[in-house]
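Reading through the structure tokens given below for one structure.
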Amino acid sequence: MDRLISMCKQRGFIYQSSEIYGGLNSCWDYGPLGAELKRNIKDAWWYANVHLRDDVVGADTSILMHPDVWRASGHLANFTDPLVDCKQCKRRYRADHLSTEVCPECGGELTEPRQFNLMFKTFLGPVEEDAAVVYLRPETAQGIFVDFKLTQAASRLRIPFGIAQIGKSFRNEVSPGNFIFRSREFEQMELEFFVSERDADEWFERWVEARWNWYLSLGLNPNKLRKRAHGPDELAHYAKACFDLEYEFPFGWQEIEGIAHRGNFDLSQHIKHSGKDLSYFDDRTNERYVPIVVEASAGVDRALLTFLVDAFVEEPERVVLKLHPKLAPYKAAIFPLQKKPELQAMVEKIKEDLKYDFPVITDDTGSIGKRYRRQDEIGTPYCITVDFESLEDGQVTVRDRDTMAQVRISTEGLKAYLHDKLQWRPVVK
Ligand code: GAP
């Protein structure tokens with residue numbers, strides 16, 4: 001982890017937020033390559049879950065919502081962690097994360113556990129009074145639930161259908177850590193799928209499979225991925241059943257995504273608290289009911305850490321990030337063999353031809369070997385080298401990141417070659 005974290009900083013993937021002021025604990029900034037990788041993950045999720053399906057539409061709802069939303073959803077009462085303080089050194093811990101009864105740092109006596117709500121509070125408007133309190137959302141899902149009727153009517157959707165959303169969420173976590181794994185500001189990719197009671201179990205299973213397949217389609221090592229069913233004592237306040245997809249990080253098996261059977265808890269609660277009818281009428285069966293929700297909820301930052309850890313390979317001669325090409329920040333790097341104007345002109349021409357299709361980068365500093373190593377380390381799947389022969393025969397050398405094999409390709413066929421190599425087809429069922 002330490003070497004990965006230091007590579008992330010050096011190469012411009014991820015830095016500590018506000019570093020020049022000493023950093024802000026558990027908040028992170030994505031640099032140029034991190035921003036590209038993050039976009040690619042979100043695009044891959046949106047593509048597989050919205051664009052390729054006829055039964056899912058997208059949404060982008062606001063972070064600040066009416067405070068009654070959190071009363072109805074149960075977050076005000078239940079979205080809490082048990083906290084204990086050390087009476088001696090004043091350190092704070094999550095009671096359920098402690099294996100000892102005395103402070104693990106100084107051995108001091110601990111207080112009784114107190115419930116601590118994880119939602120961040122702020123004020124809407126200029127007056128800081130109780131009536132103006134609003135919360136930063138701790139999950140994006142509630143925006144989808146409160147808009148359920150509007151979206152269903154506007155899109156003329158029939159159950160079963162889903163609504164997908166990607167956006168920031170905030171939790172005042174008691175023990176953030178493990179780099180970007182658990183932070184206080186993070187992004188989620190959430191899909192709420194509305195079904196009838198009759199079909200709920202089948203859709204629950206389907207979504208567990210679909211989400212499992214999505215990670216594999218992006219090259220994740222299946223031996224490091226597992227499904228784990230929640231025990232009754234672990235279930236969130238809204239869930240009837242839940243499967244976690246877990247990945248084996250250097251710090252152990254950890255949840256990267258939760259697929260939950262939420263029953264009709266959320267819609268029923270919003271019906272009760274808002275007084276609005278959020279039921280669904282099925283004109284095929286003449287039934288009116290409150291739909292069941294099957295949810296697939298993933299963290300963008302957690303997925304990003306998973307793909308980074310999985311792709312980070314230290315070979316004797318090089319460090320290589322074996323990212324799936326769909327996720328790689330640059331798809332190709334183009335080099336002139338030497339800093340000669342005629343070679344550089346050809347590099348520019350190739351770049352102009354490719355850049356509308358793929359993010360590409362050029363590099364003319366250092367030896368070719370060094371340039372290959374730099375691209376290997378940031379996960380660029382192909383390096384294209386223009387040499388003196390290229391000026392004669394119009395062919396360039398294309399080197400594969402993983403196998404390091406090299407082939408000569410004519411510049412005319414280059415775009416088609418890359419399109420063929422870089423295409424990605426997730427399984428959608
Ligand atoms: N709407 C359901 C929900 O929010 P969750 O299990 O609390 O369920 C879903 O969160 C996903 O969001 C997690 O699997 C994880 O990937 C991500 N996530 C949750 N808390 C996080 C945090 N503090 N930092 C980074 N990612 C987090």
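Labeling convention for the structure tokens: chains A, B, ... as they appear, residues from 1 per chain, ligands from 1 in order of appearance.
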Counting only C-alpha atoms and all ligand atoms, name the residues that have an atom within 7 Å of an atom of ligand 1; the answer should be given as a list in words. Pro138, Glu139, Thr140, Ala141, Arg171, Glu173, Pro176, Ile180, Phe181, Arg182, Ser183, Arg184, Glu185, Phe186, Glu187, Gln188, Glu190, Glu255, Ile256, Glu257, Gly258, Ser297, Ala298, Gly299, Val300, Asp301, Arg302 and Ala303 of chain A
Please return as a PyMOL selection string: the residues of segment 116-267 of chain A that backbone DSSP assigns to helix (DSSP H, G or I). chain A and resi 130-132+141-146+148-155+197-217+222-224+265-267
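Among the residues of segment 40-75 of chain A, backbone DSSP assigns strand (DSSP E) to Val56, Val57, Gly58 and Ala59 of chain A.
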Tell me, as a PyMOL selection string, which residues lie within 9 Å of Leu110 of chain A, counting only C-alpha atoms; anything in the same chain fewer than 5 positions away does not count. chain A and resi 84-88+101-103
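The residue set within 8 Å of Ala210 of chain A, counting only C-alpha atoms and dropping same-chain residues fewer than 2 places from it, reads A:Arg206, A:Trp207, A:Val208, A:Trp212, A:Asn213, A:Trp214, A:Val427, A:Val428, A:Lys429.
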Have a look at atom CA of Glu205 of chain A and atom CA of Val57 of chain A and let me know their distance in Å, one decimal.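 That distance, rounded to one decimal, is 20.5 Å.
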So, counting only C-alpha atoms, which residue among A:Leu321, A:Ala154, A:Ala405, A:Ile292 is closest to Ile378 of chain A?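 Nearest candidate to Ile378 of chain A out of A:Leu321, A:Ala154, A:Ala405, A:Ile292: A:Leu321.
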Restricting to only C-alpha atoms, whichever of A:Gly23, A:Ala241, A:Leu218, A:Phe265 is closest to Leu323 of chain A is A:Leu218
Write out as a list in words each polymer residue whose atoms come within 10 Å of Ala44 of chain A, counting only C-alpha atoms; drop sequence neighbours fewer than 2 positions from it.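 Returned residues: Lys38, Arg39, Asn40, Ile41, Lys42, Trp46, Tyr47, Ala48, Asn49, Val50, His51, Trp214, Leu218, Lys326, Leu327, Trp424 and Pro426 of chain A.
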Excluding same-chain residues fewer than 6 positions from Asp199 of chain A, what lies within 12 Å of it counting only C-alpha atoms, as JSON, numbers by chain? {"A": [159, 160, 161, 193, 205, 206, 261, 263, 291, 292, 293, 294]}
Using N, CA and C atoms, can you export the residues from the last selection as a short mmCIF file (atom, residue, chain, number, x, y, z; two decimals), in the first residue's frame?
data_model
loop_
_atom_site.label_atom_id
_atom_site.label_comp_id
_atom_site.auth_asym_id
_atom_site.auth_seq_id
_atom_site.Cartn_x
_atom_site.Cartn_y
_atom_site.Cartn_z
N ILE A 159 -42.83 -1.12 -14.35
CA ILE A 159 -42.07 -2.03 -13.49
C ILE A 159 -41.90 -3.38 -14.17
N PRO A 160 -40.73 -4.05 -14.18
CA PRO A 160 -39.54 -3.66 -13.43
C PRO A 160 -38.69 -2.62 -14.17
N PHE A 161 -38.22 -1.59 -13.43
CA PHE A 161 -37.29 -0.62 -14.01
C PHE A 161 -36.41 -0.06 -12.91
N PHE A 193 -33.59 -0.37 -8.20
CA PHE A 193 -34.39 -1.12 -9.17
C PHE A 193 -35.73 -1.48 -8.54
N GLU A 205 -31.11 -11.63 -6.99
CA GLU A 205 -30.04 -12.53 -7.45
C GLU A 205 -29.42 -12.04 -8.75
N ARG A 206 -30.27 -11.57 -9.66
CA ARG A 206 -29.76 -11.09 -10.95
C ARG A 206 -28.79 -9.94 -10.78
N HIS A 261 -31.72 -5.88 -0.63
CA HIS A 261 -33.16 -6.01 -0.81
C HIS A 261 -33.76 -5.05 0.21
N GLY A 263 -36.82 -4.03 0.48
CA GLY A 263 -38.27 -4.14 0.67
C GLY A 263 -38.96 -2.91 0.09
N PRO A 291 -43.82 -0.42 -4.76
CA PRO A 291 -42.80 -1.33 -5.28
C PRO A 291 -41.71 -1.68 -4.26
N ILE A 292 -41.13 -2.85 -4.49
CA ILE A 292 -39.97 -3.31 -3.72
C ILE A 292 -38.73 -2.75 -4.40
N VAL A 293 -37.71 -2.44 -3.61
CA VAL A 293 -36.47 -1.91 -4.18
C VAL A 293 -35.32 -2.91 -4.01
N VAL A 294 -34.66 -3.19 -5.13
CA VAL A 294 -33.39 -3.91 -5.08
C VAL A 294 -32.32 -2.88 -5.42
#
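Contact shell of segment 410-420 of chain A at 6 Å (only C-alpha atoms; same-chain neighbours under 2 positions omitted): Gly394, Gln395, Leu422 and Gln423 of chain A.
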Grab the residues selected above and save them as a PDB file, in the first residue's frame with C-alpha atoms.
ATOM      1  CA  GLY A 394       4.663   4.903 -43.073  1.00  0.00           C
ATOM      2  CA  GLN A 395       4.848   2.203 -40.376  1.00  0.00           C
ATOM      3  CA  LEU A 422      -9.574  -1.230 -26.796  1.00  0.00           C
ATOM      4  CA  GLN A 423     -13.169  -2.271 -27.320  1.00  0.00           C
TER       5      GLN A 423
END
What separates atom CA of Ala229 of chain A and atom CA of Cys242 of chain A is a distance of 5.9 Å
My list of candidates is A:Glu377, A:Pro325, A:Lys355, A:Ser169. Which is closest to Gln10 of chain A when distances are computed with only C-alpha atoms?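 Checking each of A:Glu377, A:Pro325, A:Lys355, A:Ser169 against Gln10 of chain A, counting only C-alpha atoms, the winner is A:Glu377.
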